[in-house]
Structure formats: C-alpha cells, structure tokens
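The file my_file_32.cif comes next; it holds mmCIF, N, CA and C atoms.
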```
data_entry
#
loop_
_atom_site.label_atom_id
_atom_site.label_comp_id
_atom_site.auth_asym_id
_atom_site.auth_seq_id
_atom_site.Cartn_x
_atom_site.Cartn_y
_atom_site.Cartn_z
N MET A 1 -9.11 -9.00 3.44
CA MET A 1 -8.11 -9.52 2.54
C MET A 1 -7.59 -8.40 1.65
N LEU A 2 -6.30 -8.41 1.44
CA LEU A 2 -5.72 -7.45 0.52
C LEU A 2 -5.90 -7.93 -0.92
N SER A 3 -6.13 -6.99 -1.80
CA SER A 3 -6.27 -7.34 -3.21
C SER A 3 -4.90 -7.69 -3.79
N LYS A 4 -4.93 -8.37 -4.93
CA LYS A 4 -3.68 -8.68 -5.63
C LYS A 4 -2.95 -7.39 -6.00
N LYS A 5 -3.70 -6.39 -6.35
CA LYS A 5 -3.11 -5.11 -6.73
C LYS A 5 -2.25 -4.55 -5.60
N THR A 6 -2.78 -4.56 -4.39
CA THR A 6 -2.03 -4.06 -3.24
C THR A 6 -0.82 -4.93 -2.95
N ARG A 7 -1.02 -6.23 -3.01
CA ARG A 7 0.10 -7.16 -2.75
C ARG A 7 1.19 -7.00 -3.80
N TYR A 8 0.81 -6.89 -5.07
CA TYR A 8 1.80 -6.68 -6.13
C TYR A 8 2.53 -5.34 -5.95
N ALA A 9 1.80 -4.32 -5.52
CA ALA A 9 2.43 -3.01 -5.27
C ALA A 9 3.53 -3.15 -4.22
N MET A 10 3.23 -3.86 -3.14
CA MET A 10 4.23 -4.05 -2.09
C MET A 10 5.41 -4.87 -2.58
N VAL A 11 5.14 -5.93 -3.34
CA VAL A 11 6.21 -6.77 -3.88
C VAL A 11 7.11 -5.95 -4.81
N ALA A 12 6.52 -5.14 -5.68
CA ALA A 12 7.29 -4.31 -6.61
C ALA A 12 8.12 -3.28 -5.85
N LEU A 13 7.55 -2.68 -4.82
CA LEU A 13 8.28 -1.70 -4.03
C LEU A 13 9.46 -2.33 -3.31
N VAL A 14 9.26 -3.52 -2.77
CA VAL A 14 10.36 -4.24 -2.11
C VAL A 14 11.47 -4.52 -3.11
N TYR A 15 11.09 -4.95 -4.31
CA TYR A 15 12.07 -5.22 -5.36
C TYR A 15 12.90 -3.97 -5.66
N LEU A 16 12.22 -2.85 -5.83
CA LEU A 16 12.91 -1.60 -6.13
C LEU A 16 13.78 -1.14 -4.96
N ALA A 17 13.31 -1.35 -3.74
CA ALA A 17 14.07 -0.94 -2.56
C ALA A 17 15.34 -1.76 -2.40
N LYS A 18 15.30 -3.01 -2.81
CA LYS A 18 16.48 -3.87 -2.70
C LYS A 18 17.56 -3.50 -3.71
N GLU A 19 17.18 -2.79 -4.77
CA GLU A 19 18.13 -2.38 -5.81
C GLU A 19 19.01 -1.27 -5.25
N GLU A 20 20.25 -1.57 -5.03
CA GLU A 20 21.15 -0.62 -4.38
C GLU A 20 21.76 0.41 -5.33
N SER A 21 21.80 0.12 -6.60
CA SER A 21 22.51 1.00 -7.54
C SER A 21 21.73 2.26 -7.90
N GLN A 22 20.48 2.35 -7.49
CA GLN A 22 19.62 3.49 -7.79
C GLN A 22 19.36 3.64 -9.29
N ARG A 23 19.64 2.62 -10.06
CA ARG A 23 19.34 2.68 -11.48
C ARG A 23 17.84 2.52 -11.67
N ALA A 24 17.37 3.02 -12.78
CA ALA A 24 15.96 2.84 -13.11
C ALA A 24 15.77 1.39 -13.55
N ILE A 25 14.72 0.77 -13.07
CA ILE A 25 14.45 -0.63 -13.37
C ILE A 25 13.19 -0.73 -14.22
N MET A 26 13.30 -1.42 -15.33
CA MET A 26 12.16 -1.57 -16.23
C MET A 26 11.09 -2.46 -15.60
N SER A 27 9.86 -2.15 -15.91
CA SER A 27 8.75 -2.92 -15.37
C SER A 27 8.83 -4.38 -15.81
N THR A 28 9.37 -4.62 -16.99
CA THR A 28 9.50 -6.00 -17.48
C THR A 28 10.41 -6.83 -16.58
N GLU A 29 11.47 -6.20 -16.07
CA GLU A 29 12.39 -6.89 -15.15
C GLU A 29 11.67 -7.27 -13.86
N ILE A 30 10.92 -6.34 -13.32
CA ILE A 30 10.19 -6.60 -12.07
C ILE A 30 9.14 -7.68 -12.31
N ALA A 31 8.39 -7.54 -13.38
CA ALA A 31 7.33 -8.51 -13.69
C ALA A 31 7.88 -9.92 -13.83
N LYS A 32 8.98 -10.05 -14.54
CA LYS A 32 9.57 -11.37 -14.76
C LYS A 32 10.12 -11.94 -13.45
N SER A 33 10.86 -11.14 -12.72
CA SER A 33 11.47 -11.61 -11.48
C SER A 33 10.45 -11.98 -10.42
N GLU A 34 9.38 -11.19 -10.32
CA GLU A 34 8.39 -11.38 -9.25
C GLU A 34 7.13 -12.10 -9.71
N LYS A 35 7.11 -12.52 -10.98
CA LYS A 35 5.97 -13.25 -11.54
C LYS A 35 4.66 -12.47 -11.39
N ILE A 36 4.72 -11.22 -11.84
CA ILE A 36 3.56 -10.33 -11.84
C ILE A 36 3.17 -10.08 -13.29
N PRO A 37 1.90 -10.18 -13.65
CA PRO A 37 1.50 -9.88 -15.02
C PRO A 37 1.94 -8.47 -15.43
N GLN A 38 2.63 -8.37 -16.55
CA GLN A 38 3.26 -7.13 -17.00
C GLN A 38 2.29 -5.95 -17.10
N ARG A 39 1.17 -6.14 -17.76
CA ARG A 39 0.22 -5.03 -17.94
C ARG A 39 -0.37 -4.57 -16.60
N PHE A 40 -0.65 -5.52 -15.74
CA PHE A 40 -1.19 -5.21 -14.43
C PHE A 40 -0.15 -4.42 -13.63
N LEU A 41 1.10 -4.87 -13.69
CA LEU A 41 2.17 -4.19 -12.97
C LEU A 41 2.37 -2.77 -13.47
N GLU A 42 2.32 -2.58 -14.76
CA GLU A 42 2.52 -1.23 -15.32
C GLU A 42 1.49 -0.25 -14.75
N ASN A 43 0.25 -0.67 -14.64
CA ASN A 43 -0.79 0.20 -14.05
C ASN A 43 -0.50 0.49 -12.58
N ILE A 44 -0.03 -0.50 -11.87
CA ILE A 44 0.30 -0.33 -10.44
C ILE A 44 1.45 0.66 -10.29
N LEU A 45 2.48 0.50 -11.12
CA LEU A 45 3.64 1.39 -11.05
C LEU A 45 3.25 2.83 -11.38
N LEU A 46 2.34 3.01 -12.32
CA LEU A 46 1.86 4.35 -12.65
C LEU A 46 1.11 4.96 -11.46
N GLU A 47 0.32 4.15 -10.77
CA GLU A 47 -0.38 4.64 -9.58
C GLU A 47 0.61 5.04 -8.49
N LEU A 48 1.65 4.23 -8.30
CA LEU A 48 2.67 4.54 -7.30
C LEU A 48 3.43 5.82 -7.68
N LYS A 49 3.57 6.05 -8.96
CA LYS A 49 4.21 7.28 -9.43
C LYS A 49 3.32 8.48 -9.10
N LYS A 50 2.02 8.37 -9.39
CA LYS A 50 1.08 9.45 -9.09
C LYS A 50 1.01 9.70 -7.58
N MET A 51 1.20 8.65 -6.81
CA MET A 51 1.18 8.73 -5.35
C MET A 51 2.41 9.46 -4.81
N GLY A 52 3.44 9.61 -5.64
CA GLY A 52 4.66 10.30 -5.22
C GLY A 52 5.70 9.41 -4.60
N VAL A 53 5.58 8.11 -4.84
CA VAL A 53 6.54 7.14 -4.28
C VAL A 53 7.61 6.78 -5.30
N LEU A 54 7.23 6.74 -6.57
CA LEU A 54 8.15 6.36 -7.64
C LEU A 54 8.38 7.50 -8.61
N GLY A 55 9.55 7.44 -9.24
CA GLY A 55 9.86 8.30 -10.36
C GLY A 55 10.12 7.40 -11.55
N SER A 56 10.11 7.97 -12.74
CA SER A 56 10.39 7.15 -13.91
C SER A 56 11.31 7.91 -14.85
N LYS A 57 11.96 7.14 -15.68
CA LYS A 57 12.91 7.69 -16.64
C LYS A 57 12.62 7.02 -17.98
N LEU A 58 12.53 7.81 -19.03
CA LEU A 58 12.28 7.28 -20.37
C LEU A 58 13.59 6.91 -21.05
N GLY A 59 13.47 6.11 -22.08
CA GLY A 59 14.63 5.80 -22.90
C GLY A 59 15.20 4.42 -22.66
N LYS A 60 16.35 4.19 -23.31
CA LYS A 60 16.99 2.88 -23.27
C LYS A 60 17.35 2.45 -21.84
N ALA A 61 17.82 3.37 -21.04
CA ALA A 61 18.18 3.06 -19.65
C ALA A 61 17.06 3.47 -18.70
N GLY A 62 15.84 3.50 -19.23
CA GLY A 62 14.70 3.96 -18.46
C GLY A 62 14.11 2.92 -17.55
N GLY A 63 13.12 3.34 -16.82
CA GLY A 63 12.42 2.45 -15.90
C GLY A 63 11.94 3.24 -14.69
N TYR A 64 11.72 2.53 -13.60
CA TYR A 64 11.20 3.12 -12.37
C TYR A 64 12.24 3.07 -11.26
N HIS A 65 12.14 4.03 -10.36
CA HIS A 65 13.02 4.07 -9.19
C HIS A 65 12.27 4.76 -8.04
N LEU A 66 12.67 4.42 -6.82
CA LEU A 66 12.07 5.06 -5.65
C LEU A 66 12.50 6.51 -5.59
N ILE A 67 11.58 7.40 -5.28
CA ILE A 67 11.95 8.79 -5.05
C ILE A 67 11.83 9.15 -3.56
N LYS A 68 11.35 8.20 -2.79
CA LYS A 68 11.34 8.33 -1.34
C LYS A 68 12.24 7.25 -0.78
N LYS A 69 12.79 7.51 0.37
CA LYS A 69 13.61 6.50 1.04
C LYS A 69 12.69 5.39 1.55
N PRO A 70 13.17 4.14 1.55
CA PRO A 70 12.32 3.03 2.03
C PRO A 70 11.74 3.25 3.43
N GLU A 71 12.49 3.93 4.28
CA GLU A 71 11.98 4.18 5.64
C GLU A 71 10.91 5.26 5.70
N GLU A 72 10.65 5.92 4.58
CA GLU A 72 9.61 6.95 4.52
C GLU A 72 8.31 6.42 3.91
N ILE A 73 8.33 5.21 3.41
CA ILE A 73 7.16 4.64 2.75
C ILE A 73 6.47 3.68 3.72
N ARG A 74 5.33 4.11 4.25
CA ARG A 74 4.60 3.32 5.25
C ARG A 74 3.58 2.41 4.58
N LEU A 75 3.44 1.22 5.15
CA LEU A 75 2.44 0.28 4.62
C LEU A 75 1.03 0.86 4.72
N SER A 76 0.77 1.63 5.75
CA SER A 76 -0.57 2.22 5.90
C SER A 76 -0.91 3.10 4.70
N ASP A 77 0.06 3.85 4.18
CA ASP A 77 -0.19 4.71 3.03
C ASP A 77 -0.47 3.89 1.77
N ILE A 78 0.29 2.83 1.58
CA ILE A 78 0.09 1.98 0.40
C ILE A 78 -1.27 1.31 0.45
N ILE A 79 -1.61 0.75 1.60
CA ILE A 79 -2.89 0.04 1.73
C ILE A 79 -4.06 1.01 1.58
N ARG A 80 -3.96 2.18 2.19
CA ARG A 80 -5.04 3.16 2.03
C ARG A 80 -5.20 3.59 0.59
N HIS A 81 -4.08 3.75 -0.11
CA HIS A 81 -4.16 4.19 -1.51
C HIS A 81 -4.88 3.16 -2.38
N PHE A 82 -4.53 1.89 -2.21
CA PHE A 82 -5.08 0.85 -3.09
C PHE A 82 -6.38 0.23 -2.56
N GLU A 83 -6.56 0.20 -1.26
CA GLU A 83 -7.72 -0.48 -0.68
C GLU A 83 -8.79 0.48 -0.15
N GLY A 84 -8.40 1.67 0.20
CA GLY A 84 -9.34 2.57 0.86
C GLY A 84 -9.18 2.46 2.36
N ALA A 85 -10.26 2.20 3.05
CA ALA A 85 -10.24 2.15 4.50
C ALA A 85 -9.47 0.94 5.03
N ILE A 86 -8.82 1.14 6.15
CA ILE A 86 -8.14 0.04 6.84
C ILE A 86 -9.14 -0.70 7.73
N ALA A 87 -10.11 0.01 8.24
CA ALA A 87 -11.11 -0.58 9.13
C ALA A 87 -11.99 -1.59 8.39
N LEU A 88 -12.47 -2.58 9.13
CA LEU A 88 -13.35 -3.59 8.56
C LEU A 88 -14.82 -3.14 8.55
N LEU A 89 -15.14 -2.15 9.38
CA LEU A 89 -16.49 -1.59 9.42
C LEU A 89 -16.39 -0.07 9.22
N TYR A 90 -17.32 0.48 8.45
CA TYR A 90 -17.30 1.92 8.22
C TYR A 90 -17.49 2.72 9.50
N CYS A 91 -18.21 2.18 10.46
CA CYS A 91 -18.49 2.93 11.68
C CYS A 91 -17.27 3.09 12.58
N VAL A 92 -16.17 2.40 12.27
CA VAL A 92 -14.93 2.59 13.04
C VAL A 92 -13.81 3.19 12.18
N SER A 93 -14.12 3.49 10.94
CA SER A 93 -13.12 4.07 10.04
C SER A 93 -12.91 5.54 10.34
N GLU A 94 -11.66 5.96 10.34
CA GLU A 94 -11.37 7.37 10.56
C GLU A 94 -11.46 8.18 9.28
N LYS A 95 -11.11 7.59 8.15
CA LYS A 95 -11.10 8.31 6.89
C LYS A 95 -12.40 8.15 6.10
N GLN A 96 -13.11 7.05 6.31
CA GLN A 96 -14.33 6.80 5.53
C GLN A 96 -15.51 6.46 6.44
N TYR A 97 -15.59 7.14 7.57
CA TYR A 97 -16.66 6.89 8.53
C TYR A 97 -18.04 7.04 7.91
N GLN A 98 -18.90 6.10 8.26
CA GLN A 98 -20.32 6.18 7.95
C GLN A 98 -21.06 5.62 9.16
N PRO A 99 -22.19 6.21 9.52
CA PRO A 99 -22.94 5.68 10.66
C PRO A 99 -23.35 4.23 10.40
N CYS A 100 -23.37 3.46 11.46
CA CYS A 100 -23.73 2.05 11.34
C CYS A 100 -25.25 1.91 11.20
N GLU A 101 -25.65 1.10 10.26
CA GLU A 101 -27.08 0.89 10.04
C GLU A 101 -27.68 -0.09 11.05
N PHE A 102 -26.82 -0.82 11.78
CA PHE A 102 -27.30 -1.84 12.70
C PHE A 102 -27.31 -1.39 14.16
N CYS A 103 -26.48 -0.41 14.49
CA CYS A 103 -26.36 0.04 15.89
C CYS A 103 -27.52 0.95 16.28
N LYS A 104 -28.01 0.74 17.45
CA LYS A 104 -28.98 1.67 18.01
C LYS A 104 -28.23 2.82 18.68
N ASP A 105 -27.05 2.48 19.27
CA ASP A 105 -26.21 3.47 19.93
C ASP A 105 -24.75 3.05 19.75
N GLU A 106 -24.03 3.77 18.90
CA GLU A 106 -22.64 3.41 18.61
C GLU A 106 -21.77 3.41 19.85
N SER A 107 -22.05 4.30 20.80
CA SER A 107 -21.19 4.40 21.98
C SER A 107 -21.29 3.19 22.90
N THR A 108 -22.37 2.42 22.80
CA THR A 108 -22.51 1.23 23.65
C THR A 108 -22.46 -0.08 22.86
N CYS A 109 -22.26 0.01 21.56
CA CYS A 109 -22.26 -1.19 20.73
C CYS A 109 -20.99 -2.01 20.98
N LYS A 110 -21.16 -3.22 21.45
CA LYS A 110 -20.03 -4.11 21.76
C LYS A 110 -19.31 -4.57 20.48
N ILE A 111 -20.06 -4.79 19.42
CA ILE A 111 -19.46 -5.21 18.15
C ILE A 111 -18.54 -4.10 17.64
N ARG A 112 -19.03 -2.88 17.65
CA ARG A 112 -18.24 -1.73 17.20
C ARG A 112 -16.98 -1.60 18.04
N GLY A 113 -17.11 -1.81 19.34
CA GLY A 113 -15.95 -1.71 20.24
C GLY A 113 -14.84 -2.68 19.86
N VAL A 114 -15.21 -3.92 19.58
CA VAL A 114 -14.21 -4.93 19.19
C VAL A 114 -13.56 -4.55 17.86
N PHE A 115 -14.35 -4.12 16.90
CA PHE A 115 -13.79 -3.79 15.59
C PHE A 115 -13.00 -2.49 15.61
N LYS A 116 -13.29 -1.61 16.53
CA LYS A 116 -12.46 -0.41 16.68
C LYS A 116 -11.10 -0.81 17.24
N GLU A 117 -11.08 -1.72 18.18
CA GLU A 117 -9.81 -2.20 18.74
C GLU A 117 -8.98 -2.90 17.65
N ILE A 118 -9.64 -3.71 16.83
CA ILE A 118 -8.95 -4.38 15.71
C ILE A 118 -8.39 -3.33 14.75
N ARG A 119 -9.18 -2.33 14.41
CA ARG A 119 -8.74 -1.26 13.52
C ARG A 119 -7.55 -0.51 14.10
N ASP A 120 -7.63 -0.14 15.37
CA ASP A 120 -6.55 0.62 16.01
C ASP A 120 -5.25 -0.17 16.05
N THR A 121 -5.34 -1.46 16.38
CA THR A 121 -4.14 -2.31 16.43
C THR A 121 -3.55 -2.49 15.04
N THR A 122 -4.40 -2.80 14.07
CA THR A 122 -3.94 -2.98 12.69
C THR A 122 -3.30 -1.70 12.17
N TYR A 123 -3.97 -0.59 12.37
CA TYR A 123 -3.44 0.69 11.90
C TYR A 123 -2.09 0.99 12.55
N GLY A 124 -1.98 0.74 13.84
CA GLY A 124 -0.73 0.99 14.55
C GLY A 124 0.43 0.22 13.94
N ILE A 125 0.19 -1.03 13.63
CA ILE A 125 1.23 -1.87 13.02
C ILE A 125 1.57 -1.37 11.62
N LEU A 126 0.57 -1.09 10.80
CA LEU A 126 0.79 -0.63 9.43
C LEU A 126 1.44 0.75 9.38
N GLU A 127 1.12 1.59 10.34
CA GLU A 127 1.66 2.94 10.37
C GLU A 127 3.15 2.94 10.74
N LYS A 128 3.55 2.03 11.62
CA LYS A 128 4.96 2.01 12.03
C LYS A 128 5.83 1.13 11.12
N THR A 129 5.21 0.30 10.29
CA THR A 129 5.96 -0.58 9.40
C THR A 129 6.22 0.13 8.08
N THR A 130 7.49 0.18 7.70
CA THR A 130 7.87 0.85 6.47
C THR A 130 8.43 -0.17 5.47
N LEU A 131 8.65 0.31 4.27
CA LEU A 131 9.25 -0.53 3.24
C LEU A 131 10.62 -1.03 3.70
N GLN A 132 11.33 -0.23 4.45
CA GLN A 132 12.64 -0.63 4.97
C GLN A 132 12.54 -1.90 5.80
N ASP A 133 11.45 -2.06 6.53
CA ASP A 133 11.25 -3.25 7.37
C ASP A 133 11.05 -4.51 6.54
N LEU A 134 10.70 -4.36 5.27
CA LEU A 134 10.39 -5.51 4.41
C LEU A 134 11.56 -5.96 3.55
N ILE A 135 12.65 -5.20 3.58
CA ILE A 135 13.80 -5.60 2.75
C ILE A 135 14.90 -6.24 3.57
#
```
The structure in this file should be written as structure tokens.
Amino acid sequence: MLSKKTRYAMVALVYLAKEESQRAIMSTEIAKSEKIPQRFLENILLELKKMGVLGSKLGKAGGYHLIKKPEEIRLSDIIRHFEGAIALLYCVSEKQYQPCEFCKDESTCKIRGVFKEIRDTTYGILEKTTLQDLI
C-alpha cells in the first residue's frame, strides 16, 4: 500500500502539471483544491523540491512550479523517494536487497520467484508511467 504522503505527492504534482500558465502556485491553493492538510502538503512539496522536481518562488506571487517536464517525472522515482523499495520482499529488491531469512536457497525458492515477477512487472509499469500520463 502506498502511504498518504506518496499519494498526496502524486496528487499535488498532477495539480501543478495541469496548470498551463507556468505561474507559481501557492501550497494553500493546492491544499484547498485537493483536500490535502496544509502542513502535511508543505513538507511534501519541500521534499519534491529537494528531489529536483519542483522549484519555488518567494513573495506575493510566490509558490511552487514544476522544473521538470511532466513527461520526465516517472512514478517509479516518486514512489522510491517516498516509499523506498518497490519490491514487496527485500530479497527481490534491486536497490535495498537483503538476503532472505526464510530461504535455504534463493535460486530455487518458488516464493521469491513469484515476488520477483511481481516486482519486475510493477517496476516496469511505474518506470514507463510519467506524470504526463496522469494529466
């Protein structure tokens, strides 16, 4: 299951991507429109800024804006940033691999095989799906 933080990040990014004028959008506008708690959203937007997806502008006309094109922002990157591993088991994770404590032999483990296939399929979909696909 994705956390609320990850889901809110995607919702906020979609909102920003739909904004055609390229103006900076205040977090209060996004929070109100998308029914996201303001303080929670502000932390998410700051993380997305540190991630290099958003830029911000101070002042009366300030707010947040995308600094990458929607077609350059992959769901796999967002999910990895907020959730960590995409895999359901550490023994099939590419970025956070850990040996399985239950397997006697990972190469013949049927459970690991199924979850590796799930991980590969999920990753493939998330890697090819961009923010552009969600707007």
Have a look at A:Gly124, A:Gly84, A:Pro99, A:Pro70 and name the one nearest to Val14 in chain A; count only C-alpha atoms.
A:Pro70
Name the residues of chain A that fall into strand (DSSP E or B) according to DSSP on the backbone, using the chain letters and numbers of this document, as a PyMOL selection string.
chain A and resi 25+54-57+63-66+74+130
For range 52-56 of chain A, work out the shell of residues within 7 Å, counting all atoms listed in the file and skipping chain neighbours fewer than 6 positions away, then give it as an NGL selection string.
:A and (62-68)
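Computed from the coordinates, the CA of Ile78 in chain A to atom N of Ala9 in chain A distance equals 8.8 Å.
The space between atom N of Arg112 in chain A and atom N of Leu2 in chain A spans 21.3 Å.
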Given the file above and the PyMOL selection byres (((chain A and resi 96 and name CA) around 12) and name CA), which residues are selected, and can you give them as a list in words?
Arg80, Glu83, Gly84, Ala85, Ile86, Ala87, Leu88, Leu89, Tyr90, Cys91, Val92, Ser93, Glu94, Lys95, Tyr97, Gln98 and Pro99 of chain A
Residues from the last selection, N, CA and C atoms, saved as a PDB file, keeping the file's coordinate frame:
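What landed in out37.pdb:
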```pdb
ATOM      1  N   ARG A  80      -3.960   2.180   2.190  1.00  0.00           N
ATOM      2  CA  ARG A  80      -5.040   3.160   2.030  1.00  0.00           C
ATOM      3  C   ARG A  80      -5.200   3.590   0.590  1.00  0.00           C
ATOM      4  N   GLU A  83      -6.560   0.200  -1.260  1.00  0.00           N
ATOM      5  CA  GLU A  83      -7.720  -0.480  -0.680  1.00  0.00           C
ATOM      6  C   GLU A  83      -8.790   0.480  -0.150  1.00  0.00           C
ATOM      7  N   GLY A  84      -8.400   1.670   0.200  1.00  0.00           N
ATOM      8  CA  GLY A  84      -9.340   2.570   0.860  1.00  0.00           C
ATOM      9  C   GLY A  84      -9.180   2.460   2.360  1.00  0.00           C
ATOM     10  N   ALA A  85     -10.260   2.200   3.050  1.00  0.00           N
ATOM     11  CA  ALA A  85     -10.240   2.150   4.500  1.00  0.00           C
ATOM     12  C   ALA A  85      -9.470   0.940   5.030  1.00  0.00           C
ATOM     13  N   ILE A  86      -8.820   1.140   6.150  1.00  0.00           N
ATOM     14  CA  ILE A  86      -8.140   0.040   6.840  1.00  0.00           C
ATOM     15  C   ILE A  86      -9.140  -0.700   7.730  1.00  0.00           C
ATOM     16  N   ALA A  87     -10.110   0.010   8.240  1.00  0.00           N
ATOM     17  CA  ALA A  87     -11.110  -0.580   9.130  1.00  0.00           C
ATOM     18  C   ALA A  87     -11.990  -1.590   8.390  1.00  0.00           C
ATOM     19  N   LEU A  88     -12.470  -2.580   9.130  1.00  0.00           N
ATOM     20  CA  LEU A  88     -13.350  -3.590   8.560  1.00  0.00           C
ATOM     21  C   LEU A  88     -14.820  -3.140   8.550  1.00  0.00           C
ATOM     22  N   LEU A  89     -15.140  -2.150   9.380  1.00  0.00           N
ATOM     23  CA  LEU A  89     -16.490  -1.590   9.420  1.00  0.00           C
ATOM     24  C   LEU A  89     -16.390  -0.070   9.220  1.00  0.00           C
ATOM     25  N   TYR A  90     -17.320   0.480   8.450  1.00  0.00           N
ATOM     26  CA  TYR A  90     -17.300   1.920   8.220  1.00  0.00           C
ATOM     27  C   TYR A  90     -17.490   2.720   9.500  1.00  0.00           C
ATOM     28  N   CYS A  91     -18.210   2.180  10.460  1.00  0.00           N
ATOM     29  CA  CYS A  91     -18.490   2.930  11.680  1.00  0.00           C
ATOM     30  C   CYS A  91     -17.270   3.090  12.580  1.00  0.00           C
ATOM     31  N   VAL A  92     -16.170   2.400  12.270  1.00  0.00           N
ATOM     32  CA  VAL A  92     -14.930   2.590  13.040  1.00  0.00           C
ATOM     33  C   VAL A  92     -13.810   3.190  12.180  1.00  0.00           C
ATOM     34  N   SER A  93     -14.120   3.490  10.940  1.00  0.00           N
ATOM     35  CA  SER A  93     -13.120   4.070  10.040  1.00  0.00           C
ATOM     36  C   SER A  93     -12.910   5.540  10.340  1.00  0.00           C
ATOM     37  N   GLU A  94     -11.660   5.960  10.340  1.00  0.00           N
ATOM     38  CA  GLU A  94     -11.370   7.370  10.560  1.00  0.00           C
ATOM     39  C   GLU A  94     -11.460   8.180   9.280  1.00  0.00           C
ATOM     40  N   LYS A  95     -11.110   7.590   8.150  1.00  0.00           N
ATOM     41  CA  LYS A  95     -11.100   8.310   6.890  1.00  0.00           C
ATOM     42  C   LYS A  95     -12.400   8.150   6.100  1.00  0.00           C
ATOM     43  N   TYR A  97     -15.590   7.140   7.570  1.00  0.00           N
ATOM     44  CA  TYR A  97     -16.660   6.890   8.530  1.00  0.00           C
ATOM     45  C   TYR A  97     -18.040   7.040   7.910  1.00  0.00           C
ATOM     46  N   GLN A  98     -18.900   6.100   8.260  1.00  0.00           N
ATOM     47  CA  GLN A  98     -20.320   6.180   7.950  1.00  0.00           C
ATOM     48  C   GLN A  98     -21.060   5.620   9.160  1.00  0.00           C
ATOM     49  N   PRO A  99     -22.190   6.210   9.520  1.00  0.00           N
ATOM     50  CA  PRO A  99     -22.940   5.680  10.660  1.00  0.00           C
ATOM     51  C   PRO A  99     -23.350   4.230  10.400  1.00  0.00           C
TER      52      PRO A  99
END
```
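The interatomic distance for the pair CA of Leu45 in chain A and CA of Ala12 in chain A works out to 8.1 Å.
Comparing A:Ala31, A:Leu58, A:Leu75, A:Leu48 by their smallest distance to Ile125 in chain A, the closest is A:Leu75 (using all atoms listed in the file).
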Could you give me the axis-aligned bounding box of range 31-40 of chain A, with 8 Å of padding per side, as centre plus edge lengths in Å to one decimal, as AutoDock Vina command-line options?
```
--center_x 5.1 --center_y -8.8 --center_z -13.6 --size_x 28.7 --size_y 24.8 --size_z 24.7
```
